[in-house]
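Quick notes on the structure that follows.
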Amino acid sequence: MPGMTPIKNIEWIGDAATGHLRLLEQTRLPNEITYTDCRTVQDVWDAIKRLAVRGAPAIGVAAGFGCVIGVQGSSDEHDAAAKLKATADHLATSRPTAVNLFWALERMQRVAPCDVEALLAEAFHIHEEDAAMCRQIGEHGLRLIESIASNPKSPTILTHCNAGALATGGIGTATAPMYVAHEKKIPIAVFADETRPLLQGSRLTAFELAAAGVDVTLICDDMAAQVMREGKIDMVITGADRIAANGDAANKIGTYNLAVLAKHHGIPFYVAAPSSTFDMQLADGDGIPIEQRAAEEITEGFGSRTAPQGVKTYSPAFDVTPHELITALITERGIIQPVNAETVAEMIGET
Ligand code: MRU
């Protein structure tokens, strides 16, 4: 597909009974393009935990295929159902914040008959549907870009972390409007936050946008305020890992900072996400579980120590942006604006 990275991030290799999951090893990007083969449920769990596969929709897709691996070799449907439950319960402990993981595991457990063929078909559906949702998010988001595209300079979009093709089964969520604009030859420019501590913005977003030929400029996270003050940013678009019923949105740590900065500078702040990222059971963002990551990711990221031995750390991997700071939510079903419990319920209903 033009306008996006041709690298496959998630692929099922072989048949249902004996096949396995192949994941692009995202921890090695951008320096090495290598793959991790997952042949056991524990392989899938590890790949999610250490971010070989990451990004809310991609985690959900990988978990779907993980369920297939979990029931391979079952003697009958009863045995398969028991193995599926054990697999889903285990994969659910890998990472807590992205609701797509739990959404996909629940969906896989509703498959009937419970056998590897039917489960593999459902995992493929989840993957394909995610690609379609990304495309629709791109088409809806394009309208927001087009609304400012008559400006004398190219519309410039700031994004955070990686909510791109690498994080999904398609052309990404936050990046989808960028890819669609690029495809339609609407000139855009993107500023990508580096995204401390694991650098998904520089390692992944800058990598995939540059590979697709999108004009991308990398900045450190702490430069965003100055870049906005200089008038360089027309809009912010980020992804989300879980959106509560009132529109409060959890995303990579540092997203909330951007929303506050955008408000101060009068810049629209958009969150792009498929309906599978909404958690309508949670009234607001206070109930969203926030993953805590290992101290080493701050003190010796990428193998080089940058903090004194023994220093205390605190490392939430996500933050919650209150809905009042979100100009609109861009979903595959359309744009939710203003963002509140009523408008979210109207568009998303029960997920
Ligand atoms: O820790 P990560 O890399 O999984 O965090 C990913 C993000 O925060 C993304 O912005 C989010 O999952 C949306 S992906 C389309």
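Chain identifiers are assigned as A, B, and so on, following the order in which chains appear in the structure tokens; residues are numbered from 1 within each chain, and ligands are numbered from 1 in order of appearance.
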Exercise for the section: Pick out each residue of region 50-280 of chain A that DSSP on the backbone tags as strand (DSSP E or B); I need them as a PyMOL selection string. Expected result: chain A and resi 156-159+189-193+215-219+235-238+242-244+249-252+269-272+278-279
Exercise for the section: Write out as a ChimeraX atom specification each polymer residue whose atoms come within 12 Å of Arg229 (chain A), counting only C-alpha atoms; drop sequence neighbours fewer than 2 positions from it. Expected result: /A:223-227,231-234,261-267
Could the residues in this selection be saved with C-alpha atoms as a CSV table (one decimal), in the first residue's frame?
chain,number,residue,atom,x,y,z
A,223,MET,CA,11.1,21.0,23.1
A,224,ALA,CA,7.3,20.9,22.4
A,225,ALA,CA,6.4,24.1,24.3
A,226,GLN,CA,9.0,26.2,22.5
A,227,VAL,CA,8.1,24.7,19.1
A,231,GLY,CA,4.0,29.0,15.9
A,232,LYS,CA,5.3,25.9,14.2
A,233,ILE,CA,2.4,23.5,15.2
A,234,ASP,CA,-1.1,23.7,13.7
A,261,LEU,CA,0.5,22.9,26.2
A,262,ALA,CA,-1.8,22.8,23.2
A,263,LYS,CA,-4.6,24.4,25.3
A,264,HIS,CA,-2.3,27.2,26.4
A,265,HIS,CA,-1.2,27.9,22.8
A,266,GLY,CA,-4.7,27.6,21.3
A,267,ILE,CA,-3.8,24.6,19.2
Handout entry: Within 8 Å of ligand 1, counting only C-alpha atoms and all ligand atoms, residues as a ChimeraX atom specification
Key = /A:51,53-59,98,160-165,167-168,172-174,198,200,238-241,250-253,272-273,317-318
Include C-alpha atoms and write out the residues we just selected as a PDB file, in the first residue's frame.
ATOM      1  CA  LEU A  51       7.483  -4.351  23.562  1.00  0.00           C
ATOM      2  CA  VAL A  53       4.993  -5.860  19.594  1.00  0.00           C
ATOM      3  CA  ARG A  54       3.439  -2.741  21.072  1.00  0.00           C
ATOM      4  CA  GLY A  55       0.782  -0.121  20.445  1.00  0.00           C
ATOM      5  CA  ALA A  56      -2.760  -0.831  21.630  1.00  0.00           C
ATOM      6  CA  PRO A  57      -4.303  -2.281  18.431  1.00  0.00           C
ATOM      7  CA  ALA A  58      -1.207  -4.345  17.574  1.00  0.00           C
ATOM      8  CA  ILE A  59      -1.183  -5.866  21.066  1.00  0.00           C
ATOM      9  CA  ALA A  98      -4.246  -0.967  26.432  1.00  0.00           C
ATOM     10  CA  HIS A 160       3.808  11.618  20.389  1.00  0.00           C
ATOM     11  CA  CYS A 161       5.009   8.032  20.813  1.00  0.00           C
ATOM     12  CA  ASN A 162       4.160   5.727  17.906  1.00  0.00           C
ATOM     13  CA  ALA A 163       0.510   5.418  16.955  1.00  0.00           C
ATOM     14  CA  GLY A 164       1.568   4.438  13.474  1.00  0.00           C
ATOM     15  CA  ALA A 165       1.500   1.458  11.151  1.00  0.00           C
ATOM     16  CA  ALA A 167       1.366  -0.009  16.343  1.00  0.00           C
ATOM     17  CA  THR A 168      -1.626  -1.363  14.434  1.00  0.00           C
ATOM     18  CA  GLY A 172      -1.890   3.562  12.247  1.00  0.00           C
ATOM     19  CA  THR A 173      -4.335   5.756  14.164  1.00  0.00           C
ATOM     20  CA  ALA A 174      -2.642   9.122  14.758  1.00  0.00           C
ATOM     21  CA  LEU A 198      11.847   4.132  25.276  1.00  0.00           C
ATOM     22  CA  GLN A 200       9.039   5.137  20.300  1.00  0.00           C
ATOM     23  CA  THR A 238      -1.934  11.310  19.287  1.00  0.00           C
ATOM     24  CA  GLY A 239      -3.216   7.768  19.691  1.00  0.00           C
ATOM     25  CA  ALA A 240      -4.758   6.208  22.790  1.00  0.00           C
ATOM     26  CA  ASP A 241      -4.480   3.004  24.777  1.00  0.00           C
ATOM     27  CA  ALA A 250      -4.861   7.232  28.382  1.00  0.00           C
ATOM     28  CA  ASN A 251      -1.856   7.307  26.079  1.00  0.00           C
ATOM     29  CA  LYS A 252       1.939   7.193  26.304  1.00  0.00           C
ATOM     30  CA  ILE A 253       3.390   9.211  29.169  1.00  0.00           C
ATOM     31  CA  ALA A 272      -7.284   9.131  17.086  1.00  0.00           C
ATOM     32  CA  ALA A 273      -8.451   5.638  18.072  1.00  0.00           C
ATOM     33  CA  ALA A 317       4.222   4.334  31.145  1.00  0.00           C
ATOM     34  CA  PHE A 318       0.960   6.171  30.409  1.00  0.00           C
TER      35      PHE A 318
END
Problem - Nearest candidate to Phe102 (chain A) (options A:Glu128, A:Leu142, A:Thr277, A:Ile10; using only C-alpha atoms) - result: A:Thr277
Handout entry: DSSP helix (DSSP H, G or I) selection over region 102-219 of chain A, as a VMD selection string
Key = chain A and resid 102 to 109 116 to 146 165 to 167 176 to 183 200 to 211
Practice task
Quick one: everything within 9 Å of region 332-335 of chain A, counting only C-alpha atoms, minus sequence neighbours fewer than 6 positions away in the same chain. Send it as a PyMOL selection string.
Solution key: chain A and resi 132-141+272-275+347-348
Using only C-alpha atoms, find each residue in region 5-114 of chain A having at least one atom no more than 12 Å away from region 301-307 of chain A; report its shortest atom-to-atom pair and that distance in Å (one decimal), rows by chain then rising number, as a tab-separated table.
residue	atom	partner	partner_atom	distance
A:Thr27	CA	A:Phe302	CA	9.7
A:Arg28	CA	A:Phe302	CA	10.2
A:Leu29	CA	A:Phe302	CA	11.9
Handout entry: Contact residues around Leu282 (chain A) with only C-alpha atoms at 10 Å, ignoring same-chain residues under 5 positions, as JSON, numbers by chain
Key = {"A": [242, 243, 244, 245, 246, 248, 287, 288]}
Handout entry: Atom pair CA of Gly201 (chain A) / CA of Cys220 (chain A): separation (Å)
Key = 9.2 Å
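When only C-alpha atoms are used to compute distances to Asn31 (chain A), the closest of the residues A:Thr195, A:Ser94, A:Thr159, A:Ser202 turns out to be A:Ser202.
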Practice task
Extract, using only C-alpha atoms, all DNA, RNA and protein residues at most 8 Å from region 32-35 of chain A, discarding same-chain residues fewer than 6 positions from it, and format them as a list in words.
Solution key: Arg22, Leu23, Leu24 and Glu25 of chain A
Handout entry: Neighbour list for Pro308 (chain A) as number ranges by chain, cut-off 12 Å, only C-alpha atoms, skip fewer than 4 positions in-chain
Key = A: 295-296, 298-300, 304, 312-313
Handout entry: Contact residues around Ala88 (chain A) with only C-alpha atoms at 9 Å, ignoring same-chain residues under 6 positions, as a VMD selection string
Key = chain A and resid 63 66 to 67 70 102 105 to 106 108 to 109
Mind writing the picked residues with N, CA, C and O atoms as an mmCIF file, in the first residue's frame?
data_model
loop_
_atom_site.group_PDB
_atom_site.id
_atom_site.type_symbol
_atom_site.label_atom_id
_atom_site.label_comp_id
_atom_site.auth_asym_id
_atom_site.auth_seq_id
_atom_site.Cartn_x
_atom_site.Cartn_y
_atom_site.Cartn_z
ATOM 1 N N ALA A 63 -2.469 -10.777 20.462
ATOM 2 C CA ALA A 63 -3.121 -11.631 21.471
ATOM 3 C C ALA A 63 -4.109 -12.581 20.802
ATOM 4 O O ALA A 63 -4.260 -13.742 21.224
ATOM 5 N N GLY A 66 -2.155 -15.280 19.560
ATOM 6 C CA GLY A 66 -1.652 -16.012 20.734
ATOM 7 C C GLY A 66 -2.669 -17.038 21.220
ATOM 8 O O GLY A 66 -2.306 -18.134 21.665
ATOM 9 N N CYS A 67 -3.951 -16.688 21.117
ATOM 10 C CA CYS A 67 -5.009 -17.626 21.535
ATOM 11 C C CYS A 67 -5.010 -18.870 20.645
ATOM 12 O O CYS A 67 -5.276 -19.990 21.122
ATOM 13 N N GLY A 70 -2.363 -21.119 21.765
ATOM 14 C CA GLY A 70 -2.736 -21.738 23.044
ATOM 15 C C GLY A 70 -3.591 -22.984 22.913
ATOM 16 O O GLY A 70 -3.577 -23.847 23.798
ATOM 17 N N PHE A 102 -7.613 -6.764 26.144
ATOM 18 C CA PHE A 102 -8.722 -7.448 26.823
ATOM 19 C C PHE A 102 -9.909 -7.610 25.871
ATOM 20 O O PHE A 102 -10.596 -8.625 25.886
ATOM 21 N N LEU A 105 -9.058 -10.551 23.642
ATOM 22 C CA LEU A 105 -9.127 -11.828 24.370
ATOM 23 C C LEU A 105 -10.580 -12.231 24.621
ATOM 24 O O LEU A 105 -10.949 -13.405 24.501
ATOM 25 N N GLU A 106 -11.411 -11.240 24.928
ATOM 26 C CA GLU A 106 -12.843 -11.555 25.136
ATOM 27 C C GLU A 106 -13.475 -12.017 23.836
ATOM 28 O O GLU A 106 -14.262 -12.952 23.808
ATOM 29 N N MET A 108 -12.036 -13.455 21.290
ATOM 30 C CA MET A 108 -11.574 -14.799 20.941
ATOM 31 C C MET A 108 -12.324 -15.853 21.760
ATOM 32 O O MET A 108 -12.616 -16.945 21.269
ATOM 33 N N GLN A 109 -12.664 -15.518 23.012
ATOM 34 C CA GLN A 109 -13.349 -16.501 23.865
ATOM 35 C C GLN A 109 -14.824 -16.679 23.501
ATOM 36 O O GLN A 109 -15.472 -17.592 23.995
#
Exercise for the section: Take CA of Thr217 (chain A) and CA of Leu329 (chain A) and report the distance between them in Å, one decimal. Expected result: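 If I compute the distance from CA of Thr217 (chain A) to CA of Leu329 (chain A), I get 24.4 Å.
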Practice task
Have a look at CA of Gly247 (chain A) and CA of Ala52 (chain A) and let me know their distance in Å, one decimal.
Solution key: 28.8 Å
Exercise for the section: Name the closest residue to Thr93 (chain A) among the candidates A:Glu291, A:Asn9, A:His323, A:Thr156; distances are taken between atoms, counting only C-alpha atoms. Expected result: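 Going through A:Glu291, A:Asn9, A:His323, A:Thr156 one by one, the smallest distance to Thr93 (chain A) is for A:Glu291.
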